[in-house]
Every structure is written in structure tokens, then in C-alpha cells.
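J.: Just passing along the structure, written as C-alpha cells.
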Amino acid sequence: MKKIFLVFMCAFLLIGTLSFSSGLTLKKDVDSLITFPVTYNGSNAPSGTTCNYSVIYPNQSLMVENQQATYTNTGVASFTLLDNSVNGDYKVPLICVFPDGNSESGNADFTINPTGHVITKESMSVYLGLMIILFILLIGIIFALFKTENFGWKMGLTSFAYIISNGLLLVCWKVAESFLVSMPFLEVIFRVLYKISTIGYFPMFLFVVGYSLLHMTDEKNIKTLMKRGFTEEQARYRSRRN
């Protein structure tokens with residue numbers, strides 16, 4: 001129980017360390033047009049207004065610096081994002097200069113993630129809850145696997161544990177991809193492990209079938225030897241030697 005409690009505590013601590021954005025959220029490798037409002041004295045900025053912007057990657061490196069946005073006198077300026085392949089929170093400091101010489105500064109920050117949806121603590125809690133359930137279920141199956149002596153149960157529990165672990169890796173991959181954008185290496189690790197685990201379904205199936213057939217053959221030989229007068233221990237010993 002202490003270990004399970006620690007898992008829950010780590011999960012809630014992880015929620016607390018994640019950053020959530022309530023601003024513009026774009027989908028990775030899809031959206032590329034950034035727009036922001038430009039007003040002056042409570043109305044649309046007049047003709048002749050110019051707005052310059054810079055785009056800063058999540059790792060604080062510069063994508064572009066002091067570039068001019070497009071303004072069409074409709075109260076909305078825009079620019080095309082040069083690179084939308086990196087997940088994370090982007091900073092976009094900007095300054096607009098009006099025809100009368102006055103200027104205003106602001107920000108048009110945005111976030112890029114794989115879904116294009118705003119990340120909330122509620123959605124993260126759902127994923128973490130699923131991770132915890134699968135993890136506890138996997139630990140329970142492994143514990144039962146070492147406790148049971150029945151061969152059929154052992155094979156069934158082994159197969160079920162493999163399926164649960166595969167599902168757990170999938171959830172971990174999607175959590176890392178969608179939420180842990182500041183640690184991209186985790187997404188790569190879980191993605192590779194999940195794909196390896198998925199490829200391993202066929203070898204795992206062959207192992208279970210082959211091992212089960214071998215066990216059935218051994219049990220048949222043991223019963224045959226016991227009918228000939230050997231004790232069960234002697235029959236199992238002779239069967240292993242063969």
C-alpha cells in the first residue's frame with residue numbers, strides 16, 4: 001500500500017510541475033498563421049500602423065527577430081510561422097507604432113502541441129488516472145503470477161500482463177507527447193518502447209503456444225511413466241532428462 005500511495009503522490013506532484021496555457025494553441029505541423037488584435041484608443045488601429053514581432057522557441061532560442069507583421073486596417077495583424085514542428089510554449093513580443101508616433105508593446109504568445117487543443121489539469125488528470133490504474137493492474141498481475149502454481153493461470157496471466165504493459169506504454173507515450181513537451185526525449189523513449197512491444201505480440205504468441213504444447217507433452221510423458229510404476233517425482237525427473 002505504501003508503494004501505491006507513493007505512486008499517487010508522484011502523479012499529483014507531476015501535475016503541479018506541468019505548465020498549462022490558456023492562450024492560442026496550434027496543432028503541430030498544421031497551423032502556421034498567427035493573428036493578434038491591434039487597437040488604438042479603444043478602436044481598430046488606423047491605416048499606416050506597423051507592427052514588428054519576434055518569435056522565441058520554447059528553449060529560448062530565436063526563430064525570427066524584429067520582423068514586420070501584415071496589417072490590413074481591420075484591427076487584426078498576422079504573420080506566418082516559419083517553423084511549427086516543435087512542441088511547447090512560444091513567446092512573441094511585439095511592438096506597434098501608430099501614425100501619430102505613439103507606440104504600444106504587447107505579446108502574442110502561443111502554444112504548439114500534437115492535438116491543437118488547450119491542455120488542462122482535468123485532461124491531464126484523466127491520463128494520469130489511466131496510467132495509475134494500468135500500473136496497479138500490472139503490479140497485481142505480476143504478484144499473482146508468482147503466487148499461482150497452475151500452469152494455465154501462469155500462461156494466461158503472462159499474456160494479460162504483456163497486453164497491459166503494452167497499453168501502459170501507449171498511454172505513457174501519449175502523455176509525454178501531449179503534455180511533457182519540455183522533455184521531448186521522454187516521448188521518443190516511450191514511442192520506441194511501445195512500437196517494440198507491439199512488434200513483440202507475434203513472438204509472444206508463438207512463445208505461449210510453443211511453451212504450452214511443450215508442457216502438455218511433458219505432462220503426457222509423466223502420466224505415461226506413472227502408469228508404468230514410477231512415482232510422480234521420478235517421472236518428472238526422467239521427463240526433464242529427456
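Going through the C-alpha cells in order, the chains are called A, B, and so on, while each chain numbers its residues from 1 and the ligands are numbered from 1 in the order shown.
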Which residues of range 84-158 of chain A come within 6 Å of range 50-72 of chain A, and for each one, what is the closest pair of atoms and their distance in Å to one decimal, counting only C-alpha atoms, sorted by chain and residue number, as a tab-separated table?
T.:
```
residue	atom	partner	partner_atom	distance
A:Gly88	CA	A:Pro58	CA	5.5
A:Asp89	CA	A:Pro58	CA	5.2
A:Tyr90	CA	A:Tyr57	CA	5.3
A:Lys91	CA	A:Ile56	CA	5.1
A:Val92	CA	A:Val55	CA	4.8
A:Pro93	CA	A:Ser54	CA	5.8
A:Leu94	CA	A:Tyr53	CA	4.2
A:Ile95	CA	A:Asn52	CA	5.5
A:Cys96	CA	A:Cys51	CA	4.1
A:Val97	CA	A:Thr50	CA	5.4
```
J.: Write out the residues from the selection above, keeping C-alpha atoms, as a compact mmCIF listing (two decimals), in the first residue's frame.
T.:
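Output file out.txt is given in full below:
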```
# COMPACT_ATOMS: atom_id res chain seq x y z
CA GLY A 88 5.98 23.84 -26.42
CA ASP A 89 5.20 27.39 -25.31
CA TYR A 90 6.39 30.18 -27.63
CA LYS A 91 6.97 33.81 -26.69
CA VAL A 92 6.04 36.51 -29.22
CA PRO A 93 6.96 40.00 -28.00
CA LEU A 94 5.71 42.71 -30.36
CA ILE A 95 5.52 46.47 -30.68
CA CYS A 96 3.13 48.51 -32.83
CA VAL A 97 3.88 52.07 -33.97
```
J.: Report as a PyMOL selection string all protein, DNA and RNA residues lying within 8 Å of range 154-168 of chain A, evaluated on only C-alpha atoms, omitting residues in the same chain fewer than 5 positions from it.
T.: chain A and resi 131+134-135+137-138+141-142+144-145+148-149+194+197-198+204+208+212
J.: Could you please determine the separation between CA of Ser125 in chain A and CA of Leu169 in chain A in Å, to one decimal place?
T.: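 About the pair CA of Ser125 in chain A and CA of Leu169 in chain A: they are 17.1 Å apart.
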J.: Hey, which of A:Ile112, A:Ile133, A:Val175, A:Leu81 ends up closest to Thr25 in chain A? Count only C-alpha atoms.
T.: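 Once distances to Thr25 in chain A are computed over only C-alpha atoms, the minimum belongs to A:Ile112.
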J.: DSSP on the backbone, then: every residue of range 70-202 of chain A marked strand (DSSP E), written as a list in words.
T.: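 Secondary structure check on range 70-202 of chain A, strand (DSSP E): Thr70, Tyr71, Val76, Ala77, Ser78, Phe79, Thr80, Gly88, Asp89, Tyr90, Pro93, Leu94, Ile95, Cys96, Val97, Ser103, Glu104, Ser105, Gly106, Asn107, Phe110, Thr111, Ile112 and Asn113 of chain A.
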J.: Suppose you want the space between CA of Phe36 in chain A and CA of Glu122 in chain A; what is it in Å?
T.: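 Those two atoms sit 27.8 Å apart.
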